[in-house]
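Here is the structure we will look at, set down as structure tokens.
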Amino acid sequence: MRVAARSVSLGDLIDHLGGELIGSRETRIAQVAPLDSAGPEELSFLGSDAYRAALQQSRAGAVVVRSDAGISGRTLILASNPYAYFIRAAELLNPDPEIVAGRHPMAAIHPEAEVAQSAEVGPFVSIDRGARIGERVRLGPGCRVGVNAQIGDDSWLHANVTVYAHCQIGCRAVVNAGAVIGADGFGGVFDEGRWLKMPHLGRVVIGDDVEIGANTTIDRGAMADTLIGDDVKLDNQIQVGHNVVIGAHTTIAGCTGIAGSTRIGEHCVIGGAANLTGHLKLTDRVVVSAGTVIMRSIDRPGRYTGIYPSSEHRAWLRSAVGVKRLGEGGDAQRDRQRRHTNKEDDEHGGNADR
Amino acid sequence: MRVAARSVSLGDLIDHLGGELIGSRETRIAQVAPLDSAGPEELSFLGSDAYRAALQQSRAGAVVVRSDAGISGRTLILASNPYAYFIRAAELLNPDPEIVAGRHPMAAIHPEAEVAQSAEVGPFVSIDRGARIGERVRLGPGCRVGVNAQIGDDSWLHANVTVYAHCQIGCRAVVNAGAVIGADGFGGVFDEGRWLKMPHLGRVVIGDDVEIGANTTIDRGAMADTLIGDDVKLDNQIQVGHNVVIGAHTTIAGCTGIAGSTRIGEHCVIGGAANLTGHLKLTDRVVVSAGTVIMRSIDRPGRYTGIYPSSEHRAWLRSAVGVKRLGEGGDAQRDRQRRHTNKEDDEHGGNADR
Amino acid sequence: MRVAARSVSLGDLIDHLGGELIGSRETRIAQVAPLDSAGPEELSFLGSDAYRAALQQSRAGAVVVRSDAGISGRTLILASNPYAYFIRAAELLNPDPEIVAGRHPMAAIHPEAEVAQSAEVGPFVSIDRGARIGERVRLGPGCRVGVNAQIGDDSWLHANVTVYAHCQIGCRAVVNAGAVIGADGFGGVFDEGRWLKMPHLGRVVIGDDVEIGANTTIDRGAMADTLIGDDVKLDNQIQVGHNVVIGAHTTIAGCTGIAGSTRIGEHCVIGGAANLTGHLKLTDRVVVSAGTVIMRSIDRPGRYTGIYPSSEHRAWLRSAVGVKRLGEGGDAQRDRQRRHTNKEDDEHGGNADR
């Protein structure tokens, strides 16, 4: 774990972040830590009642708890959302490294690109004609910003991120290494013995406060834009197809795939390795469990799941036979029923073709 | 959406692309658009009867339809495959940016590499000893071409693509950002307390007219080559294992994984997030649904599916219990049957060991 | 297939690698090959009895077999593990290209980084302040090594690999192109109308002899480190979440996702496209089948599977209806039972509210 960049007194901490201090303003905190590993110079928090025993054992110098937690006998900060308070304290103690404004001599910046003076352009970055890089943007080594693309103020693109031509990223974005924004979408029509592909005329347009994980890919739209709303959080290795729309505050965990033209509402939570097929519409506040394939639109908030339960291999083999039989059973049953019905038809003269 | 690079008269359009014009040759078209958003300077198309109502409402300046569509009263182009015609019109209006032949001063090109004069080599590209770059190839910023690797004429590698040593890409390929061609495959043997790995002596050999999506990875063969046929289309984030063979015209959607030595026929369509285990053989014209795991070879064309249907979480919990019970039931039944059989054996003296 | 870099006599081969030679020490071997394609100058091996017929047909110049294989009448090398012996012979014939110590003039190395004289630093590599690069390390073109990161002796990072600040990679690692080590993990808390994210204070710490596939991503820990044990082998496009622990000698196939804080034991084998949800604990020697979602901890070694069996689409549709009905059936049954129970309650006066 990192050594904190700073240390603060609890007095300074509550002056910055609010909360009610039970204890001395002079106590100093050098880092944050979970209850079970925190030492006397570290701040911890009680996230839920499940950790009360851990709290009793904890050597933490101070602990953030809810005001109704009913804890006493140690240094406390009372806050309505202890975990959120704890995160803000962690941010205070561990600020991002300071931005170093300027352009690395081994960056390739097109003379017709606009790059703010306050931006930090790392080595081997390429910025193409007409691109606009906002105030205090950080472009890590090897980032690619295409023709007319735009990066909003205070965004941070880590190493080797690619932003294709015409795409837009809002303010305060964090884009992790290897992410690719704006490649062409997939699909086409087979004609005269080969696949023919629609030239993709749309862009990717990304709102403010968006986080994009490492090696995540977001395709540009075919004839309209792919849209990522404000405060959307995308984990690593997510694939977002062309013309997808993701509503504000939605979070999507790693390895999930979203096929073309699907629209996801606001405040949705999509689990890891889920898959949404194309042209669906998910309403707001839908939760999709990890590993679930969604093939139909969802118009009611709630949690949706579809995972084959895992078992020891032998037990699975038997259950899989049973599941397959459900498919064959239908056939056999229908065949039996059809034979039966035909027989009845015969007996009652129902077959008009006779 | 992008502003078109050109505008054309319908007369010029049909002179280039064929089709029968119902209307004035002078009408000008500035862009393509779907029926519901097209304006008077835009061309649209009727892809299927489902869009007839949209066609009636559409303000499109001209619409491509089948000659037997029975539409009248507006400017039309009659064509046998309206979507294909529409795509060709889109290509005409939105040509790729012109290639700028030459080598960026900040590219690292080995003196023993052969790079065509007509190729465009972007900034921070590295090309290793013995590599060959064909006519009019575009290498985006940060591309890596390894020792003796070959890129065929008119191919376009977008940013940060890696082609390992000895691999070959055919003509007219499009390879999107972050794709990795030719890393070693996976697997080995455990010996003397550690994993031992076969050095990979094969290559990746890719045909003509292939498209490879962003962050897709294709491993080199172990003792033979990994082969990708002509006109194969691979979406983003696909993983192709060592020694895989993919037949011509096959298309594979995003996030799909194909394990080592599996052979896929021609004209197959593999849905997104599918998974094919190793050493399988799929015949031509197999369709695999999104999210499906294929564990056995398929020798009959057709569509194959295996997806756990999603439900509200509570309903899923109950169905999952039922599915698991199919596995346990088998055990219990077999145990009952075994006990019964043993009893019969006892009664009839069937146990030779007695 | 590659032309071997060397050729050796069988005498030299067994002097280097051991094994018992049945045949002439003078016979020369120029490459390795499978039984069915090997020629008179190639070495092959008998991996299992399934290949005995292939062995009879094989033109291989020499074959590695077990001493108890009972083969005669051709040139043989007897070894206890023929496949392992064969791999060692392949390594001998096909050594890695020689390292070329030195720093490419177009690399960006911070003056406060420590880079061994024997290391090979490729073009467009960036190495940040305080980073340490060990002896004989190879950094392929476009690699990024962050502040204070460490790469152990004899490791090889292929092109465009990113190692974030403070992360550590042990000795003899192979990291394939596009891999990202040390991006922030995922998750947060919703507070005051937006997502709040924990600053990630942990590192990724990777042991010795680890292999990491192309475009694989490993997140740094939040308040502790993400730990990858010695001799772990990770295939392409794997996602490893924050605070995950992977025990020594465990191998994981491509496209697998491991959610945050899950701990995997030693000598586990995880199939491709598997998904492990967060906060699980898998004991040693667990095998997870490809495509399986694991949602519960596993404390017993063995193989675990959960895959919906694939069928022709129509058969699947029927089985899926059956599976869904298992979920609804529970409801209907419960409803029936509840009605029944209420009725009994009524009849027996069991309802206290009356």
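Quick note on naming: the chains in the structure tokens go A, B, ... in the order shown, residues restart at 1 in each chain, and ligands are numbered from 1 in order of appearance.
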
- Close residues, region 123-137 of chain B itself excluded, 7 Å, only C-alpha atoms, min 5 positions apart in chain, as a PyMOL selection string: (chain A and resi 108+124) or (chain B and resi 104+106-110+112-116+118+142-156) or (chain C and resi 124)

Could the residues of chain B that have an atom at most 6 Å from chain C be listed as CSV, each with its closest atom pair and the distance in Å to one decimal, counting only C-alpha atoms and ordered by chain and ascending residue number?
residue,atom,partner,partner_atom,distance
B:Phe186,CA,C:Asp235,CA,5.9
B:Met198,CA,C:Ile87,CA,5.2
B:Leu201,CA,C:Arg2,CA,5.2
B:Gly202,CA,C:Met1,CA,4.4
B:Ala224,CA,C:Met1,CA,5.5
B:Arg303,CA,C:His313,CA,5.5
B:Tyr304,CA,C:Glu312,CA,4.4
B:Thr305,CA,C:Ser310,CA,5.1
B:Gly306,CA,C:Ser310,CA,3.9
B:Ile307,CA,C:Tyr308,CA,5.9
B:Ala315,CA,C:Gly327,CA,4.6
B:Trp316,CA,C:Gly327,CA,5.7
B:Arg318,CA,C:Gly327,CA,4.6
B:Ser319,CA,C:Gly327,CA,3.8
B:Gly322,CA,C:Leu326,CA,5.8

- Please provide the set of residues having any atom within 8 Å of region 20-26 of chain B, restricted to only C-alpha atoms, with same-chain residues fewer than 6 positions apart removed, written as a list in words. Ser9, Leu10, Gly11, Asp12, Ile14, Arg74, Thr75, Leu76, Ile77, Leu78 and Ala79 of chain B

Those selected residues, please, written with all heavy atoms and delivered as a short mmCIF file (atom, residue, chain, number, x, y, z; two decimals), in the first residue's frame.
data_model
loop_
_atom_site.label_atom_id
_atom_site.label_comp_id
_atom_site.auth_asym_id
_atom_site.auth_seq_id
_atom_site.Cartn_x
_atom_site.Cartn_y
_atom_site.Cartn_z
N SER B 9 -25.37 14.51 -57.76
CA SER B 9 -26.71 14.48 -58.35
C SER B 9 -27.14 13.02 -58.49
O SER B 9 -26.30 12.12 -58.60
CB SER B 9 -26.68 15.15 -59.72
OG SER B 9 -25.97 14.31 -60.62
N LEU B 10 -28.44 12.78 -58.47
CA LEU B 10 -28.93 11.41 -58.63
C LEU B 10 -28.50 10.84 -59.98
O LEU B 10 -28.24 9.64 -60.10
CB LEU B 10 -30.45 11.37 -58.49
CG LEU B 10 -30.95 11.66 -57.06
CD1 LEU B 10 -32.49 11.62 -57.03
CD2 LEU B 10 -30.38 10.65 -56.07
N GLY B 11 -28.40 11.71 -60.98
CA GLY B 11 -27.92 11.25 -62.29
C GLY B 11 -26.51 10.68 -62.17
O GLY B 11 -26.23 9.56 -62.64
N ASP B 12 -25.62 11.43 -61.53
CA ASP B 12 -24.26 10.93 -61.34
C ASP B 12 -24.26 9.64 -60.51
O ASP B 12 -23.47 8.72 -60.77
CB ASP B 12 -23.40 11.98 -60.62
CG ASP B 12 -22.97 13.10 -61.56
OD1 ASP B 12 -23.19 12.98 -62.79
OD2 ASP B 12 -22.41 14.10 -61.06
N ILE B 14 -26.54 7.22 -60.22
CA ILE B 14 -26.88 5.98 -60.95
C ILE B 14 -25.88 5.70 -62.07
O ILE B 14 -25.67 4.54 -62.44
CB ILE B 14 -28.34 5.98 -61.50
CG1 ILE B 14 -28.55 7.07 -62.53
CG2 ILE B 14 -29.36 6.09 -60.37
CD1 ILE B 14 -29.82 6.87 -63.33
N ARG B 74 -42.93 9.48 -55.39
CA ARG B 74 -41.77 10.19 -54.86
C ARG B 74 -40.53 9.76 -55.63
O ARG B 74 -40.56 8.81 -56.41
CB ARG B 74 -41.60 9.94 -53.37
CG ARG B 74 -41.32 8.51 -52.98
CD ARG B 74 -41.39 8.34 -51.47
NE ARG B 74 -40.52 9.31 -50.82
CZ ARG B 74 -40.63 9.67 -49.55
NH1 ARG B 74 -41.58 9.18 -48.79
NH2 ARG B 74 -39.80 10.55 -49.02
N THR B 75 -39.43 10.45 -55.37
CA THR B 75 -38.19 10.13 -56.07
C THR B 75 -37.61 8.82 -55.54
O THR B 75 -37.37 8.68 -54.34
CB THR B 75 -37.17 11.27 -55.88
OG1 THR B 75 -37.75 12.47 -56.38
CG2 THR B 75 -35.88 10.97 -56.62
N LEU B 76 -37.38 7.89 -56.45
CA LEU B 76 -36.95 6.55 -56.07
C LEU B 76 -35.75 6.11 -56.89
O LEU B 76 -35.58 6.56 -58.02
CB LEU B 76 -38.08 5.54 -56.31
CG LEU B 76 -39.39 5.74 -55.54
CD1 LEU B 76 -40.46 4.78 -56.06
CD2 LEU B 76 -39.18 5.55 -54.05
N ILE B 77 -34.96 5.22 -56.31
CA ILE B 77 -34.00 4.46 -57.09
C ILE B 77 -34.35 2.99 -56.90
O ILE B 77 -34.47 2.53 -55.76
CB ILE B 77 -32.54 4.72 -56.65
CG1 ILE B 77 -32.16 6.18 -56.94
CG2 ILE B 77 -31.58 3.77 -57.35
CD1 ILE B 77 -30.81 6.58 -56.39
N LEU B 78 -34.58 2.30 -58.00
CA LEU B 78 -34.91 0.88 -57.92
C LEU B 78 -33.63 0.06 -58.00
O LEU B 78 -32.81 0.25 -58.88
CB LEU B 78 -35.85 0.49 -59.07
CG LEU B 78 -37.09 1.37 -59.26
CD1 LEU B 78 -37.98 0.82 -60.37
CD2 LEU B 78 -37.87 1.51 -57.95
N ALA B 79 -33.46 -0.85 -57.03
CA ALA B 79 -32.25 -1.68 -57.00
C ALA B 79 -32.61 -3.03 -56.40
O ALA B 79 -33.55 -3.14 -55.60
CB ALA B 79 -31.16 -1.01 -56.17
#

- Message: Based on the backbone DSSP call, show me all residues of region 23-234 of chain A assigned strand (DSSP E or B), as number ranges by chain.
- Response: A: 28-29, 31-32, 42-45, 62-65, 76-78, 102-103, 108-109, 114-115, 120-121, 126-127, 132-133, 138-139, 144-145, 150-151, 156-157, 162-163, 168-169, 174-175, 180-183, 189-191, 194-196, 204-206, 211-212, 217-219, 226-228, 233-234

- Straight-line distance linking CA of Val288 (chain A) with CA of Lys197 (chain C), stated in Å to one decimal: 21.1 Å

Any chance you could list, as a PDB file with N, CA and C atoms, in the first residue's frame, the residues in region 65-260 of chain B that come up alpha helix (DSSP H) when DSSP is run on the backbone?
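The result, stored in out_23.pdb:
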ATOM      1  N   PRO B  82     -31.548  -2.987 -51.904  1.00  0.00           N
ATOM      2  CA  PRO B  82     -31.534  -1.563 -51.534  1.00  0.00           C
ATOM      3  C   PRO B  82     -30.495  -1.210 -50.459  1.00  0.00           C
ATOM      4  N   TYR B  83     -30.307  -2.085 -49.451  1.00  0.00           N
ATOM      5  CA  TYR B  83     -29.344  -1.754 -48.399  1.00  0.00           C
ATOM      6  C   TYR B  83     -27.926  -1.722 -48.964  1.00  0.00           C
ATOM      7  N   ALA B  84     -27.605  -2.704 -49.824  1.00  0.00           N
ATOM      8  CA  ALA B  84     -26.270  -2.717 -50.434  1.00  0.00           C
ATOM      9  C   ALA B  84     -26.073  -1.461 -51.294  1.00  0.00           C
ATOM     10  N   TYR B  85     -27.101  -1.081 -52.035  1.00  0.00           N
ATOM     11  CA  TYR B  85     -27.014   0.124 -52.875  1.00  0.00           C
ATOM     12  C   TYR B  85     -26.781   1.361 -52.007  1.00  0.00           C
ATOM     13  N   PHE B  86     -27.535   1.416 -50.920  1.00  0.00           N
ATOM     14  CA  PHE B  86     -27.429   2.535 -49.980  1.00  0.00           C
ATOM     15  C   PHE B  86     -26.010   2.633 -49.402  1.00  0.00           C
ATOM     16  N   ILE B  87     -25.438   1.495 -49.045  1.00  0.00           N
ATOM     17  CA  ILE B  87     -24.068   1.497 -48.505  1.00  0.00           C
ATOM     18  C   ILE B  87     -23.090   2.015 -49.564  1.00  0.00           C
ATOM     19  N   ARG B  88     -23.272   1.558 -50.805  1.00  0.00           N
ATOM     20  CA  ARG B  88     -22.340   2.024 -51.849  1.00  0.00           C
ATOM     21  C   ARG B  88     -22.486   3.534 -52.067  1.00  0.00           C
ATOM     22  N   ALA B  89     -23.720   4.028 -51.961  1.00  0.00           N
ATOM     23  CA  ALA B  89     -23.911   5.478 -52.062  1.00  0.00           C
ATOM     24  C   ALA B  89     -23.225   6.194 -50.901  1.00  0.00           C
ATOM     25  N   ALA B  90     -23.340   5.602 -49.712  1.00  0.00           N
ATOM     26  CA  ALA B  90     -22.687   6.202 -48.534  1.00  0.00           C
ATOM     27  C   ALA B  90     -21.169   6.252 -48.727  1.00  0.00           C
ATOM     28  N   GLU B  91     -20.619   5.178 -49.294  1.00  0.00           N
ATOM     29  CA  GLU B  91     -19.165   5.158 -49.547  1.00  0.00           C
ATOM     30  C   GLU B  91     -18.767   6.258 -50.540  1.00  0.00           C
ATOM     31  N   LEU B  92     -19.623   6.455 -51.540  1.00  0.00           N
ATOM     32  CA  LEU B  92     -19.325   7.458 -52.563  1.00  0.00           C
ATOM     33  C   LEU B  92     -19.315   8.866 -51.956  1.00  0.00           C
ATOM     34  N   LEU B  93     -20.279   9.107 -51.053  1.00  0.00           N
ATOM     35  CA  LEU B  93     -20.396  10.430 -50.444  1.00  0.00           C
ATOM     36  C   LEU B  93     -19.369  10.663 -49.340  1.00  0.00           C
TER      37      LEU B  93
END
